[in-house]
Structures are given as C-alpha cells and as structure tokens.
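Have a look at the structure below, then the notes.
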Amino acid sequence: MPNASPAATRRRLLQMGGAAMLASLAPGRAGAKDAYPDKPIRVIVPFPPGGTTDIVTRLAAAELSRSLGQSVVTDNKPGAGTVIGVNDCAKSAPDGYTLVCVANSFCVNTTLVHNLPYGPHDLQPVALMGMSDHVLAAYPGSKLHSLADLVQAAKKEPGKLSFASFGVGTSAHIAGEMLMAQTGIKMVHVPYKGQAPALNDLLGGQVTVMFGNWSEFEPYVRAGRLAALGMATEQRSPFAANVPTLAEQGAKVVSNSWQGLLMPAKAPKHIGQQLNQAVNAALASNTVQAYFHQHGIRSLAGSIVDFQKFLDEETARYAKVIRDAHITVS
C-alpha cells in the first residue's frame, strides 16, 4: 500500500486482523477442536502386575506417552475373570481417555458368563497388539514329562491332580477343560487372579500343571524348574521348536494369550483411529520389537476392522468349545 494514507493503512490492518480473528473462530478450522490428548490417558489392565498382558501394556504405554505427548498410565484392576476391569472401562466416560487391555477372556466371557454387567457392543476395538503361544507345563516333582505321563497319572488317581489358570474363563482355564474333554481325564481347576501368582504356585508344587505363556515359562523350563509337556499350537512354535505339540501327542488343544485395546463404544471414532495408528507405531518401535523377539511374542499390528474380525472369530471359536465341552462357571 505505497500510496495509501496513514489512516487508510490503519483501517486496512484492522480489517485484516478482524478477518483473521473471524477465521480462527469459524467451525471446522484449525484450532476449533481441542487437540487429543490434552490430559493423561488411563489404560486398565484387568490382571495383576507381572503377567504378559501387564508387561505388553506397559511397553505400549511407554511408547504412546512419547508419541502422543501425554502420560499413558496403567491401572491394574483384576478380579471376576477380568469382568471388573472391563466393566470399569465400559462404564467410563466415552472421551477416549480410558482404555482397557483385554485378552482371550473378553471373548470367552461373552458365552461363559451369564448376566455380564456389560455387553460386547458396549466397547469398540482400538488395536490388537501381541500373542504368546501356550505351553502345558508341570513342576519337576510331579515326575511328568509328557502328555502320556499326565493322562496315566490322572487316570490312576482321578481328581487328585490339579491345573492352575489365570482365572475362571481365561484361556488357560478353557485349555484345561479342552484337554480333559479330549483325554477323558479329571483334574481339579484352581483359578488365580492372573498368571504370575498361578506360576508361583506351580513352581512351588501347589498345583500339578498349567497352561501358560511360553515367554514366561521358558526360563524355568531351561533351568529345569518346570517340565514342558507340550505346546498348545497347531504346529511346532518357532520359539520352542524342540518342544512337541500336544496335537503330536494326541490332543488337539490350541491355546494362547493375546492382548488388545478397547474403549467405550460411544467414544469418537477419530480418536480410535488416532490411537490405532499410534499403537501400530509403538509395536514397530525398536524397544517393543526387541522385547517381543526375545520373549516369543508375535506382533499383531493391524487395522480396527482387522481387530473386530479377530474378536468375532475368537468369540465364535470359544463359544463352540464351551458348548461342546459343557463348560460352566459357578
């Protein structure tokens, strides 16, 4: 404005400033919507500290904290076969600031537990994270070294042997029920509030056998403190190639532990997409990849649609097992 008077220049600047202000207030423009996240995010873990689900959640949370620029804190709320923790998330504010890390029991409980305080449609998938193959292990004092040993001992003294699980309705519980149905043996189910306390009692000989994550059992197997009776996989696991599968020994039991994040169903979809991308990036980080490789965990990064399909298939698979084996909970 080289030829404009000083007064005209001031008027022009004021007009430009007003237009800029109006533009900043217009709906749909940058800055109109609060940035997410603008406060800490809570991730409920419906298991005690120390198990694979807890560790994987904490690893992901640390990476998410860095990428999202906000604290991502874990909150262990075990109990009732994970129902307490999952229900806490389902009933929380649908604002994207409360998530829950579920495992196989989320799909099991849909069929197994009557009068759930929440329904599967009260939550929406965010991201699938990892999966650990299960091994059936016995404490050395039991003198069991194979599935045949277990079947023989259980049939010799029906109801005397016991099997531990992470809790009623968890994958380890269902696997034990499947094993008994296929082999015709009877064992006493001893549920715990998570894998860590169950593993402690298995090591101490308070229970006979247990299905659990190879990632946590492998050091004890290598040290001779546990005996690996068989892997609960369709084919030999690349992480435990020297351990025969249960299928090779006559029992087609497939069991594992997976972890995935959910949030309330009414939370904004765009937040779910943002979190899905952030979780997938976290799974690809060097820290998480190194831990997964070292501990025999398979990465299951993917889309929200993929995760929903996975949940539907898992729910249907467990429903069939529960009905065929007549599994019930008191």
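FYI, nothing fancy with the structure tokens labels: chains A, B, ... in order, residues from 1 per chain, ligands from 1 as they appear.
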
task = Can you list, as an MDAnalysis selection string, all residues belonging to stretch 42-257 of chain A that DSSP tags as alpha helix (DSSP H)?
result = chainID A and resid 52:68 83:90 104:112 147:156 171:183 195:204 214:222

request  = Would you list the contacts of A:Asp95 as a ChimeraX atom specification, taking every protein, DNA or RNA residue within 12 Å and counting only C-alpha atoms, but skipping same-chain residues closer than 5 positions in sequence?
outcome  = /A:34,36-42,89-90,263-272

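From atom CA of A:Ala278 back to atom CA of A:Asp122, the distance works out to 22.7 Å.
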
message = When you look at A:Lys193 with a cut-off of 9 Å (counting only C-alpha atoms), what residues show up, excluding the ones that are within fewer than 5 positions of it in the same chain? I need them as a PyMOL selection string.
response = chain A and resi 47-48+78-82+165-168+198

Write the residues of the selection above to a file with N, CA and C atoms, as a short mmCIF file (atom, residue, chain, number, x, y, z; two decimals), in the first residue's frame.
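Wrote it out as out.cif, contents follow:
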```cif
data_model
loop_
_atom_site.label_atom_id
_atom_site.label_comp_id
_atom_site.auth_asym_id
_atom_site.auth_seq_id
_atom_site.Cartn_x
_atom_site.Cartn_y
_atom_site.Cartn_z
N PHE A 47 -5.79 -57.63 35.03
CA PHE A 47 -4.96 -58.69 35.57
C PHE A 47 -4.00 -58.07 36.58
N PRO A 48 -3.43 -58.89 37.48
CA PRO A 48 -2.42 -58.35 38.40
C PRO A 48 -1.15 -57.99 37.65
N PRO A 78 -7.66 -56.38 38.67
CA PRO A 78 -8.03 -57.77 38.44
C PRO A 78 -9.30 -58.15 39.17
N GLY A 79 -9.83 -59.32 38.81
CA GLY A 79 -10.97 -59.87 39.53
C GLY A 79 -12.10 -60.29 38.63
N ALA A 80 -12.82 -61.34 39.09
CA ALA A 80 -14.01 -61.86 38.40
C ALA A 80 -13.72 -62.24 36.96
N GLY A 81 -12.58 -62.88 36.73
CA GLY A 81 -12.24 -63.30 35.38
C GLY A 81 -12.14 -62.16 34.41
N THR A 82 -11.62 -61.03 34.86
CA THR A 82 -11.40 -59.77 34.12
C THR A 82 -12.66 -58.92 33.99
N SER A 165 -4.96 -71.84 36.49
CA SER A 165 -5.28 -70.95 35.37
C SER A 165 -5.15 -69.51 35.84
N PHE A 166 -5.24 -68.57 34.88
CA PHE A 166 -5.15 -67.15 35.21
C PHE A 166 -6.43 -66.66 35.87
N GLY A 167 -7.48 -67.50 35.88
CA GLY A 167 -8.77 -67.12 36.43
C GLY A 167 -9.88 -67.86 35.69
N VAL A 168 -11.06 -67.86 36.27
CA VAL A 168 -12.20 -68.53 35.66
C VAL A 168 -12.51 -67.87 34.31
N ALA A 198 -0.32 -67.73 39.76
CA ALA A 198 -0.50 -69.14 39.40
C ALA A 198 0.84 -69.80 39.13
#
```

request  = For A:Leu311, list every protein, DNA or RNA residue within 10 Å, evaluated using only C-alpha atoms, and leave out those in the same chain fewer than 2 positions away; present the list as a PyMOL selection string.
outcome  = chain A and resi 104+106-107+120+125+128+260+305-309+313-317

Just write the chosen residues, N, CA and C atoms, as a PDB file, in the first residue's frame.
```pdb
ATOM      1  N   ASN A 104      -7.947 -63.019  25.865  1.00  0.00           N
ATOM      2  CA  ASN A 104      -8.881 -64.030  25.383  1.00  0.00           C
ATOM      3  C   ASN A 104     -10.161 -64.083  26.204  1.00  0.00           C
ATOM      4  N   PHE A 106     -12.025 -61.897  27.287  1.00  0.00           N
ATOM      5  CA  PHE A 106     -13.081 -60.992  26.838  1.00  0.00           C
ATOM      6  C   PHE A 106     -14.033 -61.721  25.896  1.00  0.00           C
ATOM      7  N   CYS A 107     -13.482 -62.538  25.003  1.00  0.00           N
ATOM      8  CA  CYS A 107     -14.314 -63.292  24.061  1.00  0.00           C
ATOM      9  C   CYS A 107     -14.958 -64.500  24.735  1.00  0.00           C
ATOM     10  N   PRO A 120     -20.736 -56.969  24.661  1.00  0.00           N
ATOM     11  CA  PRO A 120     -19.616 -56.760  23.737  1.00  0.00           C
ATOM     12  C   PRO A 120     -19.766 -55.492  22.911  1.00  0.00           C
ATOM     13  N   PRO A 125     -13.255 -51.806  19.379  1.00  0.00           N
ATOM     14  CA  PRO A 125     -11.839 -52.152  19.257  1.00  0.00           C
ATOM     15  C   PRO A 125     -10.984 -50.945  18.900  1.00  0.00           C
ATOM     16  N   LEU A 128      -5.121 -54.358  18.155  1.00  0.00           N
ATOM     17  CA  LEU A 128      -4.588 -55.634  18.601  1.00  0.00           C
ATOM     18  C   LEU A 128      -3.083 -55.477  18.741  1.00  0.00           C
ATOM     19  N   GLY A 260      -5.206 -56.859  23.406  1.00  0.00           N
ATOM     20  CA  GLY A 260      -5.731 -55.812  22.535  1.00  0.00           C
ATOM     21  C   GLY A 260      -6.423 -54.726  23.335  1.00  0.00           C
ATOM     22  N   VAL A 305     -10.658 -52.597  11.733  1.00  0.00           N
ATOM     23  CA  VAL A 305     -11.516 -53.591  11.063  1.00  0.00           C
ATOM     24  C   VAL A 305     -10.950 -54.994  11.254  1.00  0.00           C
ATOM     25  N   ASP A 306      -9.642 -55.134  11.121  1.00  0.00           N
ATOM     26  CA  ASP A 306      -8.986 -56.429  11.336  1.00  0.00           C
ATOM     27  C   ASP A 306      -9.222 -56.928  12.759  1.00  0.00           C
ATOM     28  N   PHE A 307      -9.103 -56.028  13.712  1.00  0.00           N
ATOM     29  CA  PHE A 307      -9.279 -56.400  15.118  1.00  0.00           C
ATOM     30  C   PHE A 307     -10.716 -56.835  15.383  1.00  0.00           C
ATOM     31  N   GLN A 308     -11.689 -56.133  14.821  1.00  0.00           N
ATOM     32  CA  GLN A 308     -13.082 -56.516  15.015  1.00  0.00           C
ATOM     33  C   GLN A 308     -13.351 -57.908  14.450  1.00  0.00           C
ATOM     34  N   LYS A 309     -12.800 -58.200  13.283  1.00  0.00           N
ATOM     35  CA  LYS A 309     -12.951 -59.532  12.690  1.00  0.00           C
ATOM     36  C   LYS A 309     -12.325 -60.596  13.580  1.00  0.00           C
ATOM     37  N   GLU A 313     -14.276 -63.778  15.399  1.00  0.00           N
ATOM     38  CA  GLU A 313     -13.841 -65.166  15.182  1.00  0.00           C
ATOM     39  C   GLU A 313     -13.473 -65.845  16.500  1.00  0.00           C
ATOM     40  N   GLU A 314     -12.783 -65.127  17.373  1.00  0.00           N
ATOM     41  CA  GLU A 314     -12.413 -65.690  18.670  1.00  0.00           C
ATOM     42  C   GLU A 314     -13.648 -65.987  19.516  1.00  0.00           C
ATOM     43  N   THR A 315     -14.610 -65.077  19.499  1.00  0.00           N
ATOM     44  CA  THR A 315     -15.841 -65.281  20.267  1.00  0.00           C
ATOM     45  C   THR A 315     -16.574 -66.524  19.786  1.00  0.00           C
ATOM     46  N   ALA A 316     -16.670 -66.697  18.480  1.00  0.00           N
ATOM     47  CA  ALA A 316     -17.340 -67.871  17.909  1.00  0.00           C
ATOM     48  C   ALA A 316     -16.577 -69.153  18.234  1.00  0.00           C
ATOM     49  N   ARG A 317     -15.241 -69.097  18.179  1.00  0.00           N
ATOM     50  CA  ARG A 317     -14.422 -70.289  18.465  1.00  0.00           C
ATOM     51  C   ARG A 317     -14.600 -70.737  19.905  1.00  0.00           C
TER      52      ARG A 317
END
```

Can you tell me, as a compact mmCIF listing (two decimals) with C-alpha atoms, in the first residue's frame, what residues are no more than 7 Å from A:Leu112 when counting only C-alpha atoms, ignoring any on the same chain fewer than 2 positions away?
```txt
# COMPACT_ATOMS: atom_id res chain seq x y z
CA VAL A 108 -14.79 -66.26 26.40
CA ASN A 109 -16.94 -64.32 28.87
CA THR A 110 -19.47 -63.39 26.20
CA HIS A 114 -24.26 -65.09 32.39
CA GLY A 169 -12.96 -68.17 31.96
CA THR A 328 -19.82 -73.80 33.14
```
